[in-house]
Every structure is written in C-alpha cells, then in structure tokens.
>>> print(open('structure.cif').read())   # mmCIF, C-alpha atoms
data_coords
loop_
_atom_site.label_atom_id
_atom_site.label_comp_id
_atom_site.auth_asym_id
_atom_site.auth_seq_id
_atom_site.Cartn_x
_atom_site.Cartn_y
_atom_site.Cartn_z
CA MET A 312 -92.33 -20.87 38.72
CA SER A 313 -95.34 -19.83 40.80
CA GLU A 314 -98.67 -19.04 39.15
CA ARG A 315 -98.36 -15.39 40.22
CA SER A 316 -94.95 -15.08 38.55
CA ALA A 317 -96.26 -16.87 35.44
CA ALA A 318 -99.17 -14.44 35.31
CA ARG A 319 -96.94 -11.36 35.49
CA LEU A 320 -94.65 -12.78 32.81
CA ALA A 321 -97.69 -13.57 30.65
CA GLY A 322 -98.82 -9.95 30.99
CA ALA A 323 -95.42 -8.68 29.85
CA LEU A 324 -95.38 -11.12 26.93
CA PHE A 325 -98.91 -10.09 25.87
CA LEU A 326 -97.68 -6.51 25.47
CA LEU A 327 -94.37 -7.53 23.87
CA VAL A 328 -96.11 -9.65 21.22
CA ILE A 329 -98.51 -6.82 20.38
CA ALA A 330 -95.67 -4.30 20.06
CA ALA A 331 -93.57 -6.61 17.87
CA VAL A 332 -96.48 -7.63 15.61
CA LEU A 333 -97.56 -4.02 15.04
CA ALA A 334 -94.02 -2.71 14.53
CA SER A 335 -92.85 -5.42 12.11
CA PRO A 336 -94.92 -4.42 9.04
CA ALA A 337 -94.25 -0.75 9.76
CA ALA A 338 -90.51 -1.44 9.70
CA ALA A 339 -90.77 -3.50 6.50
CA GLY A 340 -92.42 -0.62 4.67
CA SER A 341 -95.29 -0.51 2.22
CA SER A 342 -95.96 -3.59 0.10
CA ALA A 343 -97.91 -1.57 -2.48
CA GLY A 344 -96.79 -1.80 -6.08
CA GLY A 345 -95.29 -4.67 -8.04
CA ILE A 346 -92.69 -7.14 -6.86
CA ALA A 347 -89.99 -5.47 -9.00
CA GLU A 348 -90.59 -2.15 -7.29
CA ARG A 349 -90.56 -3.79 -3.88
CA LEU A 350 -87.30 -5.65 -4.52
CA ASP A 351 -85.73 -2.39 -5.71
CA ASP A 352 -86.89 -0.66 -2.56
CA ILE A 353 -85.48 -3.45 -0.38
CA ALA A 354 -82.16 -3.29 -2.24
CA THR A 355 -82.00 0.46 -1.63
CA HIS A 356 -83.14 0.36 2.01
CA PRO A 357 -82.51 -3.15 3.40
CA SER A 358 -82.42 -2.03 7.05
CA GLY A 359 -86.22 -1.79 7.24
CA LEU A 360 -86.76 -5.41 6.25
CA GLN A 361 -83.87 -6.52 8.45
CA LEU A 362 -85.50 -4.85 11.46
CA SER A 363 -88.82 -6.46 10.51
CA ILE A 364 -87.14 -9.89 10.55
CA VAL A 365 -85.78 -9.26 14.05
CA LEU A 366 -89.23 -8.19 15.24
CA LEU A 367 -90.80 -11.33 13.75
CA VAL A 368 -88.27 -13.46 15.63
CA VAL A 369 -89.17 -11.64 18.84
CA ALA A 370 -92.89 -12.10 18.15
CA GLY A 371 -92.51 -15.83 17.47
CA ILE A 372 -90.47 -16.55 20.59
CA ALA A 373 -92.64 -14.31 22.77
CA THR A 374 -95.79 -16.03 21.48
CA LEU A 375 -94.41 -19.41 22.49
CA GLY A 376 -93.45 -18.06 25.91
CA LEU A 377 -96.89 -16.51 26.35
CA ALA A 378 -98.56 -19.81 25.50
CA ALA A 379 -96.40 -21.60 28.07
CA MET A 380 -97.28 -19.07 30.79
CA LEU A 381 -101.01 -19.21 30.00
CA HIS A 382 -100.80 -23.00 30.12
CA ALA A 383 -99.19 -22.77 33.56
CA ILE A 384 -102.01 -20.52 34.77
CA THR A 385 -104.93 -22.51 33.34
CA ARG A 386 -103.87 -26.17 33.45
CA ARG A 387 -105.49 -26.70 36.87
CA GLN A 388 -108.87 -25.99 35.30
CA ASP A 389 -108.58 -28.59 32.55
CA PRO A 390 -105.15 -30.06 31.64
CA SER A 391 -106.35 -31.43 28.30
CA LEU A 392 -107.86 -28.15 27.10
CA ALA A 393 -104.86 -26.18 28.34
CA ALA A 394 -102.51 -28.51 26.43
CA PHE A 395 -104.66 -28.18 23.29
CA ALA A 396 -104.54 -24.38 23.51
CA LEU A 397 -100.77 -24.51 24.04
CA ALA A 398 -100.41 -26.66 20.92
CA CYS A 399 -102.48 -24.21 18.84
CA ARG A 400 -100.37 -21.26 19.95
CA ALA A 401 -97.20 -23.29 19.30
CA VAL A 402 -98.31 -23.84 15.69
CA GLU A 403 -98.99 -20.11 15.43
CA SER A 404 -95.48 -19.43 16.73
CA GLY A 405 -94.02 -21.84 14.18
CA LEU A 406 -95.76 -20.03 11.34
CA TYR A 407 -93.80 -16.90 12.23
CA ALA A 408 -90.82 -18.89 10.93
CA VAL A 409 -92.52 -19.06 7.53
CA GLN A 410 -92.84 -15.27 7.47
CA ILE A 411 -89.21 -14.91 8.56
CA LEU A 412 -87.99 -17.23 5.80
CA GLY A 413 -90.10 -15.33 3.26
CA ALA A 414 -88.62 -12.02 4.37
CA MET A 415 -85.07 -13.41 4.30
CA LEU A 416 -85.67 -14.74 0.79
CA LEU A 417 -86.89 -11.31 -0.36
CA LEU A 418 -83.77 -9.77 1.15
CA SER A 419 -81.59 -12.18 -0.79
CA LEU A 420 -83.52 -11.79 -4.07
CA SER A 421 -83.33 -8.00 -3.85
CA ARG A 422 -79.62 -8.30 -4.73
CA GLN A 423 -80.52 -9.99 -8.02
CA GLN A 424 -82.17 -8.25 -10.94
CA THR A 425 -83.50 -11.13 -13.01
CA ASP A 426 -86.96 -12.24 -14.10
CA SER A 427 -86.63 -15.51 -12.21
CA ALA A 428 -85.70 -13.62 -9.05
CA ARG A 429 -88.83 -11.48 -9.39
CA GLU A 430 -91.04 -14.55 -9.93
CA LEU A 431 -89.57 -16.27 -6.90
CA GLY A 432 -89.89 -13.05 -4.91
CA ALA A 433 -93.58 -12.80 -5.76
CA ALA A 434 -94.15 -16.37 -4.57
CA ALA A 435 -92.19 -15.75 -1.37
CA ALA A 436 -94.22 -12.61 -0.65
CA ASP A 437 -97.49 -14.46 -1.21
CA ILE A 438 -96.48 -17.34 1.09
CA ALA A 439 -95.45 -14.91 3.83
CA VAL A 440 -98.74 -13.05 3.55
CA TRP A 441 -100.97 -16.13 3.53
CA SER A 442 -99.11 -17.66 6.46
CA THR A 443 -100.61 -14.77 8.44
CA ASN A 444 -104.11 -16.09 7.77
CA VAL A 445 -103.13 -19.66 8.65
CA GLY A 446 -101.45 -18.54 11.85
CA ALA A 447 -104.46 -16.41 12.74
CA CYS A 448 -106.73 -19.48 12.60
CA PHE A 449 -104.61 -21.35 15.14
CA PHE A 450 -104.23 -18.19 17.20
CA ALA A 451 -108.00 -17.69 17.38
CA VAL A 452 -108.74 -21.26 18.48
CA GLY A 453 -105.96 -21.31 21.07
CA SER A 454 -106.95 -17.89 22.37
CA ALA A 455 -110.60 -18.96 22.67
CA VAL A 456 -109.68 -21.99 24.79
CA PHE A 457 -107.36 -19.97 27.04
CA ALA A 458 -110.03 -17.26 27.46
CA TYR A 459 -112.59 -19.92 28.40
CA LEU A 460 -110.22 -21.39 31.00
CA LEU A 461 -109.43 -17.93 32.36
CA LEU A 462 -113.16 -17.32 32.64
CA ARG A 463 -113.62 -20.57 34.58
CA SER A 464 -110.68 -19.89 36.85
CA ARG A 465 -111.69 -16.29 37.65
CA ALA A 466 -107.98 -15.42 37.21
CA ILE A 467 -108.95 -12.15 35.50
CA PRO A 468 -112.16 -10.09 35.79
CA ARG A 469 -115.14 -11.90 34.30
CA PRO A 470 -116.06 -9.14 31.77
CA LEU A 471 -112.48 -9.15 30.48
CA ALA A 472 -112.45 -12.93 30.05
CA ILE A 473 -115.82 -12.77 28.24
CA LEU A 474 -114.42 -10.10 25.91
CA GLY A 475 -111.46 -12.36 25.17
CA LEU A 476 -113.72 -15.32 24.45
CA PHE A 477 -115.97 -13.24 22.18
CA ALA A 478 -113.02 -11.71 20.30
CA SER A 479 -111.43 -15.12 19.80
CA LEU A 480 -114.61 -16.76 18.52
CA LEU A 481 -115.19 -13.81 16.19
CA LEU A 482 -111.77 -14.40 14.61
CA ALA A 483 -112.17 -18.18 14.64
CA VAL A 484 -115.21 -17.74 12.37
CA SER A 485 -114.18 -14.74 10.28
CA VAL A 486 -110.56 -15.61 9.40
CA PRO A 487 -111.42 -18.91 7.61
CA VAL A 488 -114.18 -17.09 5.72
CA GLN A 489 -111.76 -14.33 4.72
CA SER A 490 -109.20 -16.93 3.64
CA ALA A 491 -111.77 -18.76 1.50
CA ALA A 492 -112.67 -15.44 -0.11
CA GLY A 493 -109.02 -14.72 -0.90
CA ALA A 494 -108.73 -11.81 1.53
CA VAL A 495 -105.80 -11.18 3.87
CA THR A 496 -107.18 -10.86 7.39
CA THR A 497 -104.89 -7.97 8.37
CA GLU A 498 -105.64 -5.82 5.33
CA GLY A 499 -108.53 -3.56 4.39
CA ALA A 500 -111.76 -3.50 6.35
CA GLY A 501 -111.07 -6.98 7.74
CA ILE A 502 -108.61 -5.51 10.21
CA LEU A 503 -111.56 -4.02 12.12
CA LEU A 504 -112.41 -7.55 13.27
CA TRP A 505 -109.16 -7.52 15.24
CA LEU A 506 -110.06 -4.49 17.36
CA PRO A 507 -111.88 -6.48 20.10
CA MET A 508 -108.88 -8.83 20.34
CA LEU A 509 -106.46 -5.92 20.49
CA THR A 510 -108.49 -4.38 23.30
CA PHE A 511 -108.60 -7.65 25.22
CA GLU A 512 -104.88 -8.38 24.91
CA VAL A 513 -103.79 -4.86 25.89
CA VAL A 514 -106.08 -4.76 28.93
CA ALA A 515 -105.42 -8.37 29.94
CA GLY A 516 -101.68 -7.87 29.51
CA GLY A 517 -101.71 -4.77 31.68
CA TRP A 518 -103.91 -6.44 34.31
CA LEU A 519 -101.75 -9.55 34.60
CA LEU A 520 -98.53 -7.53 34.65
CA LEU A 521 -99.67 -5.11 37.34
CA LYS A 522 -102.08 -7.16 39.45
CA GLY A 523 -101.22 -10.78 38.78
CA ILE A 524 -104.08 -13.27 39.01
CA ARG A 525 -106.93 -14.07 41.33
CA SER A 526 -107.56 -17.55 42.70
CA THR A 527 -107.21 -20.26 40.06
CA ASP A 528 -108.61 -23.13 42.11
CA PRO A 529 -110.57 -25.47 39.84
CA VAL A 530 -114.28 -24.69 39.82
CA ARG A 531 -116.10 -27.61 41.38
CA SER A 532 -119.52 -28.75 40.35
CA PRO A 533 -122.25 -27.67 42.79
CA PHE A 534 -123.37 -31.32 42.90
CA ALA A 535 -119.96 -32.64 43.93
CA GLY A 536 -120.61 -32.31 47.66
CA THR A 537 -124.05 -33.91 47.40
CA LYS A 538 -122.69 -36.84 45.43
CA GLN A 539 -119.92 -37.39 47.95
CA SER A 540 -122.44 -37.34 50.86
CA ASP A 541 -124.64 -39.88 49.10
CA GLU A 542 -121.66 -42.17 48.63
CA VAL A 543 -120.83 -41.91 52.33
CA ARG A 544 -124.39 -42.78 53.30
CA THR A 545 -124.40 -45.73 50.90
CA ALA A 546 -121.17 -47.03 52.39
#
>>> encode(input="structure.cif", output="structure tokens")
Amino acid sequence: MSERSAARLAGALFLLVIAAVLASPAAAGSSAGGIAERLDDIATHPSGLQLSIVLLVVAGIATLGLAAMLHAITRRQDPSLAAFALACRAVESGLYAVQILGAMLLLSLSRQQTDSARELGAAAADIAVWSTNVGACFFAVGSAVFAYLLLRSRAIPRPLAILGLFASLLLAVSVPVQSAAGAVTTEGAGILLWLPMLTFEVVAGGWLLLKGIRSTDPVRSPFAGTKQSDEVRTA
C-alpha cells in the first residue's frame, strides 16, 4: 500500500474510531445508580448494551488499523519510534477487549437475580471502567510519538501536528494523575482535558482523508552535507 493510500485510510479510521468511541457509552445507557438497578435495566433493554459491545469491537479493530496506517506513514522518519508508537496503540486496542468482556459479563449476569451475580457484576463494571484509564495512558504515549513523527515529516500542517503533540502530552500527564486520584478520565470535569485531542483527531482525520499527506521524506540534519564533504576531502 502506498503512503498516500495509507494516509487516506488513516483519516477514515480516525473518524471511525471517534464515532464508535462516542456512540458506545450512549448506546449502553446511563451507569448511574447501583449495580442491581443497572442489571435490571440491562435485563429489560439488552439491545443497548449489545449495540455498545459491537461498537467497542469496531473501535478496537479500527484503532489497530489506524496504528498500522500511522506506522506506515511515519516509519521513514524513525523506524524505532514508529514501532514503539504502534506497540502502544496495539496495547490500547487490546484493552478494548477487557471492556468488551466486562460488558458481555454484565449481559450474562443480568439474567440472574442473585447477590453473587450483583457482586460479580459490580466488579466487572469497575474493571471495564478502569481499563479506560489504562488504555488512555497507552493511547496518549503512542499518540504523542506519532504526532512528533508527523511533525518531523511535515505530512500534515505544522500547527495541526503541534496541536496533536500538545494534546497527547496533556493526556500523558493528566490521565496517570487522575488514575492515582481514583478518578475516571472520561467522567466529570476531567473530560474537558480530552477536547484538544478530539479537535486534533477530527481535523487530522478529515485532512488525511480529503488531502492525503505531504512529503514524508526523512528530515536530514543541516550538518549532514558538511560532514559528507569533509569526509570526501579527508579521503
């Protein structure tokens, strides 16, 4: 696959991941109230959680595809960094599986009305929620590296790449702090920290989808030519 095709596919996947991630909790419904109330609600209206599971599967696969396309675009800049960023996003994609298993377990437990089912359901809900914070840490680091490589490659406009780098570093610092404080990164006021990243991914996704990429030739050091000339003279 050519870099231009990879860039357009990356743009489409950026937008697909955003749509799936935003739609999944909306489909699952409100998590307010106790676990007994939530299990009763799932038992009465299971289609919402079922749709949420499908959207999580889409988000996980699309995230892995996006990471592969970004790796294809940026590996000429620094293969090691690009591979590291790919690995971070792959871990993030894998953590979607934890959320999917948690949701499937809740769906199964909603058919049982026992105290042990409620206790297990509460644990499953907590694991699914906290996997979001863990996944966000790997997402932020991988996104920061990819944004840095996109900035070096000039594949997207420089201000857009800088916004992506800033938004990623902001999350890379804030999400671990939120986790240590016992706060879910996508709830309450903490969700405001995601607005710069949302802006970057929507704009970058649209740019890559519609315009592709600029030149991604590796940026050479300004001293490379001088060093080569000196070696020629010495020889």
>>> resolve_selection(input="structure.cif", expression="the PyMOL selection byres ((chain A and resi 463-466) around 12)", output="VMD selection string")
chain A and resid 314 to 315 317 to 319 381 384 to 389 456 to 462 467 to 473 476 515 518 to 519 522 to 532
>>> closest_residue(input="structure.cif", among="A:Leu474, A:Leu375, A:Val488, A:Leu350", to="Leu417 in chain A", atoms="all atoms listed in the file")
A:Leu350
>>> atom_distance(input="structure.cif", atom1="CA of Gly516 in chain A", atom2="CA of Val365 in chain A")
22.2 Å
>>> resolve_selection(input="structure.cif", expression="the PyMOL selection byres ((chain A and resi 493-505) around 12)", output="MDAnalysis selection string")
chainID A and resid 329 332:333 336 342:343 437:448 450:451 475 477:492 506:512
>>> write_last_selection(input="structure.cif", atoms="C-alpha atoms", output="mmCIF file, keeping the file's coordinate frame")
data_model
loop_
_atom_site.group_PDB
_atom_site.id
_atom_site.type_symbol
_atom_site.label_atom_id
_atom_site.label_comp_id
_atom_site.auth_asym_id
_atom_site.auth_seq_id
_atom_site.Cartn_x
_atom_site.Cartn_y
_atom_site.Cartn_z
ATOM 1 C CA ILE A 329 -98.510 -6.820 20.380
ATOM 2 C CA VAL A 332 -96.480 -7.630 15.610
ATOM 3 C CA LEU A 333 -97.560 -4.020 15.040
ATOM 4 C CA PRO A 336 -94.920 -4.420 9.040
ATOM 5 C CA SER A 342 -95.960 -3.590 0.100
ATOM 6 C CA ALA A 343 -97.910 -1.570 -2.480
ATOM 7 C CA ASP A 437 -97.490 -14.460 -1.210
ATOM 8 C CA ILE A 438 -96.480 -17.340 1.090
ATOM 9 C CA ALA A 439 -95.450 -14.910 3.830
ATOM 10 C CA VAL A 440 -98.740 -13.050 3.550
ATOM 11 C CA TRP A 441 -100.970 -16.130 3.530
ATOM 12 C CA SER A 442 -99.110 -17.660 6.460
ATOM 13 C CA THR A 443 -100.610 -14.770 8.440
ATOM 14 C CA ASN A 444 -104.110 -16.090 7.770
ATOM 15 C CA VAL A 445 -103.130 -19.660 8.650
ATOM 16 C CA GLY A 446 -101.450 -18.540 11.850
ATOM 17 C CA ALA A 447 -104.460 -16.410 12.740
ATOM 18 C CA CYS A 448 -106.730 -19.480 12.600
ATOM 19 C CA PHE A 450 -104.230 -18.190 17.200
ATOM 20 C CA ALA A 451 -108.000 -17.690 17.380
ATOM 21 C CA GLY A 475 -111.460 -12.360 25.170
ATOM 22 C CA PHE A 477 -115.970 -13.240 22.180
ATOM 23 C CA ALA A 478 -113.020 -11.710 20.300
ATOM 24 C CA SER A 479 -111.430 -15.120 19.800
ATOM 25 C CA LEU A 480 -114.610 -16.760 18.520
ATOM 26 C CA LEU A 481 -115.190 -13.810 16.190
ATOM 27 C CA LEU A 482 -111.770 -14.400 14.610
ATOM 28 C CA ALA A 483 -112.170 -18.180 14.640
ATOM 29 C CA VAL A 484 -115.210 -17.740 12.370
ATOM 30 C CA SER A 485 -114.180 -14.740 10.280
ATOM 31 C CA VAL A 486 -110.560 -15.610 9.400
ATOM 32 C CA PRO A 487 -111.420 -18.910 7.610
ATOM 33 C CA VAL A 488 -114.180 -17.090 5.720
ATOM 34 C CA GLN A 489 -111.760 -14.330 4.720
ATOM 35 C CA SER A 490 -109.200 -16.930 3.640
ATOM 36 C CA ALA A 491 -111.770 -18.760 1.500
ATOM 37 C CA ALA A 492 -112.670 -15.440 -0.110
ATOM 38 C CA LEU A 506 -110.060 -4.490 17.360
ATOM 39 C CA PRO A 507 -111.880 -6.480 20.100
ATOM 40 C CA MET A 508 -108.880 -8.830 20.340
ATOM 41 C CA LEU A 509 -106.460 -5.920 20.490
ATOM 42 C CA THR A 510 -108.490 -4.380 23.300
ATOM 43 C CA PHE A 511 -108.600 -7.650 25.220
ATOM 44 C CA GLU A 512 -104.880 -8.380 24.910
#
>>> closest_residue(input="structure.cif", among="A:Ile346, A:Asp351, A:Tyr407, A:Gly340", to="Leu431 in chain A", atoms="all atoms listed in the file")
A:Ile346
>>> closest_residue(input="structure.cif", among="A:Cys399, A:Ala433, A:Leu420, A:Met415", to="Phe449 in chain A", atoms="all atoms listed in the file")
A:Cys399
>>> resolve_selection(input="structure.cif", expression="the PyMOL selection byres ((chain A and resi 370) around 12)", output="VMD selection string")
chain A and resid 324 to 335 363 to 369 371 to 377 400 403 to 408 410 to 411
>>> atom_distance(input="structure.cif", atom1="CA of Ser316 in chain A", atom2="CA of Gly453 in chain A")
21.6 Å
>>> closest_residue(input="structure.cif", among="A:Ala347, A:Ser313, A:Gln361, A:Val513", to="Ala436 in chain A", atoms="all atoms listed in the file")
A:Ala347
>>> atom_distance(input="structure.cif", atom1="CA of Asp426 in chain A", atom2="CA of Ala337 in chain A")
27.5 Å
